[in-house]
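Peer 1: Below you will find the structure I want to go over with you.
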Amino acid sequence: MARTTISSLFGNSPVKPLQAHMASVQECVVELVPFFEAVLEQDWKASKAQQKKIAKLENAADKLKRNLRMQLPRSLFMPVSRRDLLEVLTMQDKIANKSKDIAGLITGRKIEFPEAVSDKLIDFVQRAIDASAQAQTAINELDELIETGFGGREIKLVQSMIKELDAIESDTDKIEVKVRSALFKIEDDLPPVQVMFLYRVIDWIGELADLSQRVGSRLELLLAR
Amino acid sequence: MEYATILLIMAIVFGLFMAWGIGANDVANAMGTSVGSGAITIKQAVLIAAVFEFAGAFLAGGQVTKTIRKGIIDADLLSGTPELLVYGMLAALLAAGIWLLVASRLGWPVSTTHTIVGAIVGFAAVGIGMEAVHWGKVGSIVMSWVVSPALAGTISYWLFRSVQGLILNTNTPFENAKRYVPFYIFLTGFVIALVTMFKGLKHVGLETTTFQNYGMAFIVGLIIMFIGKSFINKLNIDPEADKDFHFANVEKVFAVLMVFTACAMAFAHGSNDVANAIGPVAAVVSIVQSGGEITQKSALPIWILLLGGLGIVAGLLMYGRRVIATIGKNITELTPSRGFAATLAAATTVVLASGTGLPISTTHTLVGAVLGVGMARGIGALNLNVVRTIFLSWIITLPAGAIMAIFFFFTLKGMFGA
């Protein structure tokens, strides 16, 4: 049956798909913890399996991203700017990408972590995952935001969530400084190439939290209109 | 007139066909939002539509019928040749009916109102002469097609903003919903009753003063408000539902309101759109019954209004319920708090137009109302392409209705003789 005027007036809201994408990203990121545990135990078989799992989940998130982009034609009239929305989506997706890169680099080069670094490593990863979890909490408020028509109360709630996200991110910065200084102390005793890649992994874990924070700040842009 | 009986039967059959078409397609657009928001089931929608379309057509459909029947054409020019008006009205009905059938098969968003107005203007301007058309009246009708969606949009915008301020955007949305929703229910009853009192009831034999009108409307509003309140108090509140989505229970309160606005919408639709079908029938009937005399003063026979109401309900039952089901499935993003604002705004606008005797498109008005809620950042995603297709349908429908009406006019004239 042909669609009537009224039914073709309503487009698919991007909110649920955006939230589904973030959930899928988060599923991918949390797998970094078992991955690092396997790496630190130097169980290469387990870590390889875990890395494959992360790559698969990243792929799933990618698919959701593409689907959402496809259903956002320019003629859509939304309570938020289409550009900002796509930016949030891109940032979310980068979190999954970065997780995949981290796992890929470590498995590919069989990077081993010296004890001085590995102590703090799981904490560091966990805190970065906390950041993306907090970003997801904020994204999950989007349907309430639309329900209230972006009213002041709900916006304040989301802003407090984003503030919390910023706090978590600055936490990861502090941990990153500690990990780096631990590595700095022993770097002369390690093969230079390994040291180089260790720094890179630390960088990337830090970026993971940065990206989550950027999801939050894009979300803030989305609210202000 | 030689063929009086045949012409009369043709008018009734064509009119019923038009009314059937309106019931099958148009009503669905009016009721679909209520079903889509989850406030009412399809069965309830059909029941509400059947009762209130009929009531609207019967109680408040007189003014628009008058416009279609004798507002567009200067019938004085035809006092010597009344049969031309009969052929013309039959041609307009036939043209509009066929065009609607074709267009809805092809999925084009055409409006019954635009088709019938285009058809009447077409046969009058070409078949009789340019001077036979009341261009001033036609101009104001066309203006109302632009104004009505804009007005509905403005009303729905402010309605929804008030809902945001009073209910959704407060610390205790549920308590406030219970407090303020009854007032919206009152407003719904009051507005519909008021316009009906002012314009509709004369032909039922009720003459009232302005003061009486306001008083009656106020009382009707109060009664409806108390009915609504008792429904709200009986609501099953599920605190679990709010964990996932914090406004689940608030929306339940709005769903009660939506039932009332759905009734208002059906009433409004009946009051405006039934005229498209029965206006021409009424014109034919009055000429034939008076033995060929064009009587501008003759009142609208009640049985013709009943005929229109019956046709609409028949179309709704036979075909419209399926269309409603499709729309209901397609609109899942519209929650009752939005749906009510859009339908109440559209219903108010349409009833106002009905009272003024302006034939407007209910569907286009509703589109304007939904966009108004969208402007208040209330709806996840709206497809603006629809606005373009609506403008396109205006451009296509008017000439299409006119050309077909001209064709049928000359065919009938050839068949029955001038």
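Lettering and numbering for the structure tokens are positional, with chains as A, B, ... in the shown order, residues counted from 1 in each chain, and ligands counted from 1 in the shown order.
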Can you pull out the residues contacting region 28-40 of chain A? Cut-off 8 Å, using only C-alpha atoms, and skip same-chain residues under 2 positions away; I want them as a ChimeraX atom specification.

Peer 2: /A:24-26,42-44,46-47,50-51,53-54,57-58,95-96,99,103,112-113,118,122,125-126,129

Peer 1: Could the residues in this selection be saved with N, CA, C and O atoms as a compact mmCIF listing (two decimals), in the first residue's frame?

Peer 2:
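File again12.txt, as written:
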```txt
# COMPACT_ATOMS: atom_id res chain seq x y z
N SER A 24 27.37 -0.71 20.89
CA SER A 24 28.23 -1.64 20.17
C SER A 24 29.71 -1.27 20.33
O SER A 24 30.58 -2.12 20.49
N VAL A 25 29.98 0.04 20.32
CA VAL A 25 31.34 0.52 20.54
C VAL A 25 31.82 0.10 21.94
O VAL A 25 32.93 -0.41 22.12
N GLN A 26 30.94 0.30 22.91
CA GLN A 26 31.31 -0.01 24.28
C GLN A 26 31.60 -1.51 24.43
O GLN A 26 32.55 -1.91 25.11
N GLN A 42 51.42 -13.09 29.00
CA GLN A 42 52.13 -13.55 27.80
C GLN A 42 51.51 -14.80 27.23
O GLN A 42 52.18 -15.67 26.69
N ASP A 43 50.19 -14.87 27.34
CA ASP A 43 49.43 -15.97 26.75
C ASP A 43 49.03 -15.53 25.34
O ASP A 43 47.97 -14.98 25.12
N TRP A 44 49.91 -15.71 24.37
CA TRP A 44 49.69 -15.14 23.04
C TRP A 44 48.51 -15.75 22.31
O TRP A 44 47.87 -15.10 21.47
N ALA A 46 45.65 -16.78 23.73
CA ALA A 46 44.44 -16.15 24.26
C ALA A 46 44.32 -14.70 23.78
O ALA A 46 43.24 -14.24 23.41
N SER A 47 45.46 -13.99 23.77
CA SER A 47 45.40 -12.59 23.38
C SER A 47 45.07 -12.45 21.89
O SER A 47 44.38 -11.53 21.47
N GLN A 50 41.43 -12.90 21.59
CA GLN A 50 40.77 -11.70 22.10
C GLN A 50 40.85 -10.55 21.09
O GLN A 50 39.91 -9.80 20.88
N GLN A 51 42.02 -10.46 20.43
CA GLN A 51 42.21 -9.41 19.43
C GLN A 51 41.24 -9.59 18.27
O GLN A 51 40.66 -8.63 17.76
N LYS A 53 38.36 -11.00 18.44
CA LYS A 53 37.03 -10.65 18.93
C LYS A 53 36.82 -9.13 18.85
O LYS A 53 35.77 -8.65 18.42
N ILE A 54 37.86 -8.40 19.26
CA ILE A 54 37.77 -6.92 19.22
C ILE A 54 37.59 -6.44 17.78
O ILE A 54 36.75 -5.58 17.50
N LEU A 57 34.04 -7.03 16.70
CA LEU A 57 33.09 -6.09 17.30
C LEU A 57 33.22 -4.71 16.66
O LEU A 57 32.23 -4.00 16.48
N GLU A 58 34.47 -4.35 16.32
CA GLU A 58 34.68 -3.06 15.67
C GLU A 58 33.97 -3.02 14.32
O GLU A 58 33.37 -2.02 13.93
N ILE A 95 36.42 5.53 18.79
CA ILE A 95 36.77 4.79 20.01
C ILE A 95 36.97 3.32 19.68
O ILE A 95 37.97 2.70 20.09
N ALA A 96 36.04 2.76 18.93
CA ALA A 96 36.16 1.35 18.55
C ALA A 96 37.38 1.13 17.66
O ALA A 96 38.13 0.16 17.84
N SER A 99 40.51 1.07 19.73
CA SER A 99 40.64 -0.18 20.47
C SER A 99 41.20 -1.27 19.56
O SER A 99 42.07 -2.05 19.95
N ALA A 103 44.83 -3.28 20.05
CA ALA A 103 44.93 -4.74 20.10
C ALA A 103 45.75 -5.28 18.93
O ALA A 103 46.57 -6.19 19.09
N GLU A 112 55.82 -6.93 24.68
CA GLU A 112 55.81 -7.36 26.08
C GLU A 112 55.97 -6.14 26.96
O GLU A 112 56.71 -5.21 26.64
N PHE A 113 55.27 -6.19 28.09
CA PHE A 113 55.32 -5.02 28.98
C PHE A 113 56.20 -5.32 30.18
O PHE A 113 55.98 -6.31 30.88
N SER A 118 53.55 -2.70 33.67
CA SER A 118 52.35 -3.53 33.65
C SER A 118 51.52 -3.38 34.92
O SER A 118 50.31 -3.57 34.91
N ILE A 122 46.67 -2.14 33.64
CA ILE A 122 45.25 -2.55 33.68
C ILE A 122 44.39 -1.40 34.23
O ILE A 122 43.32 -1.10 33.72
N VAL A 125 43.93 1.17 31.47
CA VAL A 125 42.95 0.74 30.47
C VAL A 125 41.54 0.81 31.06
O VAL A 125 40.60 1.30 30.42
N GLN A 126 41.43 0.35 32.31
CA GLN A 126 40.11 0.33 32.94
C GLN A 126 39.53 1.74 33.04
O GLN A 126 38.36 1.97 32.79
N ILE A 129 38.27 2.89 29.79
CA ILE A 129 36.98 2.27 29.49
C ILE A 129 35.87 2.94 30.29
O ILE A 129 34.76 3.14 29.80
```

Peer 1: Which residues are near Glu131 (chain B)? Cut-off 12 Å, only C-alpha atoms, ignore same chain within fewer than 4 positions. Put them as a list in words.

Peer 2: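 Near neighbours after the sequence-gap exclusion: Ile72, Ile73, Asp74, Ala75, Asp76, Leu77, Leu78, Val121, Ala124, Ala125, Val126, Gly127, Trp135 and Gly136 of chain B.
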
Peer 1: Hey, which of B:Val281, B:Gly153, B:Ile185, B:Asn330 ends up closest to Ile9 (chain B)? Count only C-alpha atoms.

Peer 2: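 Closest to Ile9 (chain B), using only C-alpha atoms: B:Val281.
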
Peer 1: Check every residue of chain A for an atom within 6 Å of chain B, counting only C-alpha atoms, and provide those that qualify as a ChimeraX atom specification.

Peer 2: /A:2,5-7,9-13,75-79,146,148-149,151

Peer 1: Could you list, as a list of chain:residue names, every residue within 7 Å of Leu222 (chain A), counting only C-alpha atoms and ignoring same-chain residues fewer than 2 positions away?

Peer 2: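 That gives A:Val80, A:Ser81, A:Asp84, A:Leu85, A:Arg218, A:Leu219, A:Glu220, A:Ala224.
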
Peer 1: If you measure from CA of Thr196 (chain B) to CA of Val351 (chain B), what distance in Å do you get, rounded to one decimal?

Peer 2: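 Taking CA of Thr196 (chain B) and CA of Val351 (chain B), their separation equals 7.9 Å.
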
Peer 1: With only C-alpha atoms as the counted atoms, please give the residues lying no more than 7 Å from region 178-190 of chain A, apart from itself and same-chain residues fewer than 3 positions off, as number ranges by chain.

Peer 2: A: 116-117, 120, 174-175, 194-195

Peer 1: Could you pull out the alpha helix (DSSP H) residues of region 46-213 of chain B, going by DSSP on the backbone, and write them as a PyMOL selection string?

Peer 2: chain B and resi 46-60+62-66+82-106+112-122+135-163+173-195+210-213

Peer 1: For the selection you just gave me, I'd like the residues written to a file as a compact mmCIF listing (two decimals), in the first residue's frame, keeping C-alpha atoms.

Peer 2:
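Saved result, result.txt, follows:
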```txt
# COMPACT_ATOMS: atom_id res chain seq x y z
CA VAL B 46 -12.56 3.21 13.68
CA LEU B 47 -15.26 3.51 16.33
CA ILE B 48 -14.28 7.07 17.26
CA ALA B 49 -14.04 8.07 13.61
CA ALA B 50 -17.41 6.53 12.77
CA VAL B 51 -19.19 8.35 15.59
CA PHE B 52 -17.43 11.71 15.44
CA GLU B 53 -17.03 12.03 11.67
CA PHE B 54 -20.75 11.59 11.53
CA ALA B 55 -21.38 14.03 14.35
CA GLY B 56 -19.05 16.58 12.79
CA ALA B 57 -20.67 16.28 9.40
CA PHE B 58 -24.13 16.51 10.88
CA LEU B 59 -23.62 19.25 13.48
CA ALA B 60 -20.98 21.47 11.92
CA GLY B 62 -23.36 22.99 7.02
CA GLN B 63 -21.20 26.05 6.37
CA VAL B 64 -18.63 24.42 4.12
CA THR B 65 -21.36 22.60 2.26
CA LYS B 66 -22.93 25.96 1.58
CA PRO B 82 -30.36 25.53 -14.37
CA GLU B 83 -29.46 22.24 -16.03
CA LEU B 84 -25.95 23.58 -16.67
CA LEU B 85 -25.36 23.84 -12.94
CA VAL B 86 -26.62 20.29 -12.49
CA TYR B 87 -24.29 18.94 -15.19
CA GLY B 88 -21.44 20.95 -13.78
CA MET B 89 -21.85 19.71 -10.24
CA LEU B 90 -22.15 16.12 -11.46
CA ALA B 91 -19.05 16.59 -13.60
CA ALA B 92 -17.15 18.03 -10.63
CA LEU B 93 -18.10 15.07 -8.44
CA LEU B 94 -17.15 12.58 -11.11
CA ALA B 95 -13.86 14.32 -11.89
CA ALA B 96 -12.87 14.60 -8.24
CA GLY B 97 -13.83 11.01 -7.51
CA ILE B 98 -11.85 9.60 -10.43
CA TRP B 99 -8.84 11.84 -9.80
CA LEU B 100 -8.73 10.78 -6.17
CA LEU B 101 -8.97 7.14 -7.14
CA VAL B 102 -6.11 7.45 -9.64
CA ALA B 103 -3.95 9.58 -7.37
CA SER B 104 -4.33 7.39 -4.32
CA ARG B 105 -3.50 4.33 -6.45
CA LEU B 106 -0.30 6.09 -7.50
CA THR B 112 -10.12 15.97 -1.75
CA THR B 113 -10.80 19.60 -1.05
CA HIS B 114 -8.39 20.90 -3.65
CA THR B 115 -9.71 18.50 -6.25
CA ILE B 116 -13.35 19.43 -5.82
CA VAL B 117 -12.67 23.16 -5.70
CA GLY B 118 -10.49 22.88 -8.81
CA ALA B 119 -13.21 20.89 -10.55
CA ILE B 120 -16.00 23.36 -9.74
CA VAL B 121 -13.93 26.37 -10.74
CA GLY B 122 -12.87 24.57 -13.91
CA TRP B 135 -13.06 34.87 -7.84
CA GLY B 136 -12.97 36.72 -4.54
CA LYS B 137 -14.33 33.72 -2.73
CA VAL B 138 -11.99 31.37 -4.60
CA GLY B 139 -9.11 33.64 -3.66
CA SER B 140 -9.99 33.47 0.02
CA ILE B 141 -10.30 29.68 -0.20
CA VAL B 142 -6.86 29.39 -1.78
CA MET B 143 -5.47 31.76 0.86
CA SER B 144 -6.93 29.53 3.56
CA TRP B 145 -5.00 26.58 2.15
CA VAL B 146 -1.78 28.43 2.91
CA VAL B 147 -2.95 29.93 6.16
CA SER B 148 -4.42 26.78 7.70
CA PRO B 149 -1.21 24.72 7.94
CA ALA B 150 0.65 27.80 9.19
CA LEU B 151 -1.98 28.52 11.82
CA ALA B 152 -2.10 24.88 12.93
CA GLY B 153 1.69 24.88 13.14
CA THR B 154 1.71 28.01 15.28
CA ILE B 155 -0.93 26.62 17.65
CA SER B 156 0.79 23.26 18.00
CA TYR B 157 4.14 24.97 18.60
CA TRP B 158 2.78 26.95 21.52
CA LEU B 159 0.71 24.05 22.82
CA PHE B 160 3.78 21.88 22.93
CA ARG B 161 5.90 24.64 24.44
CA SER B 162 3.32 24.97 27.21
CA VAL B 163 3.50 21.21 27.78
CA PRO B 173 6.58 15.63 35.45
CA PHE B 174 4.17 12.88 36.41
CA GLU B 175 2.41 14.86 39.16
CA ASN B 176 2.22 17.88 36.89
CA ALA B 177 0.84 15.77 34.06
CA LYS B 178 -1.96 14.64 36.34
CA ARG B 179 -2.56 18.25 37.36
CA TYR B 180 -2.50 19.97 33.98
CA VAL B 181 -3.67 17.37 31.45
CA PRO B 182 -7.32 17.77 32.54
CA PHE B 183 -7.08 21.43 31.48
CA TYR B 184 -5.99 20.43 28.01
CA ILE B 185 -8.94 18.04 27.93
CA PHE B 186 -11.18 20.93 28.93
CA LEU B 187 -9.68 23.06 26.19
CA THR B 188 -10.36 20.37 23.59
CA GLY B 189 -14.01 20.06 24.57
CA PHE B 190 -14.45 23.82 24.91
CA VAL B 191 -13.03 24.78 21.50
CA ILE B 192 -14.93 22.15 19.56
CA ALA B 193 -18.18 22.85 21.39
CA LEU B 194 -17.83 26.60 20.98
CA VAL B 195 -17.34 26.58 17.23
CA THR B 210 -23.35 34.49 22.24
CA PHE B 211 -23.53 34.25 26.00
CA GLN B 212 -25.40 30.97 25.83
CA ASN B 213 -22.81 29.65 23.37
```

Peer 1: Could you pull the residues within 6 Å of region 212-217 of chain A, counting only C-alpha atoms, minus those fewer than 2 positions along the same chain, as a PyMOL selection string?

Peer 2: chain A and resi 88+91+131-132+135+162+209-210+219-220

Peer 1: Go ahead and compute the interatomic distance for CA of Ser8 (chain A) and CA of Gly372 (chain B), in Å to one decimal.

Peer 2: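 Here the two named atoms are 16.4 Å from each other.
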
Peer 1: Check the smallest atom-to-atom distance from each of A:Ile202, A:Ile102, A:Ala55, A:Leu142 to Val177 (chain A) using only C-alpha atoms, then report the winner.

Peer 2: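 Ranking A:Ile202, A:Ile102, A:Ala55, A:Leu142 by distance to Val177 (chain A), first place goes to A:Ile202.
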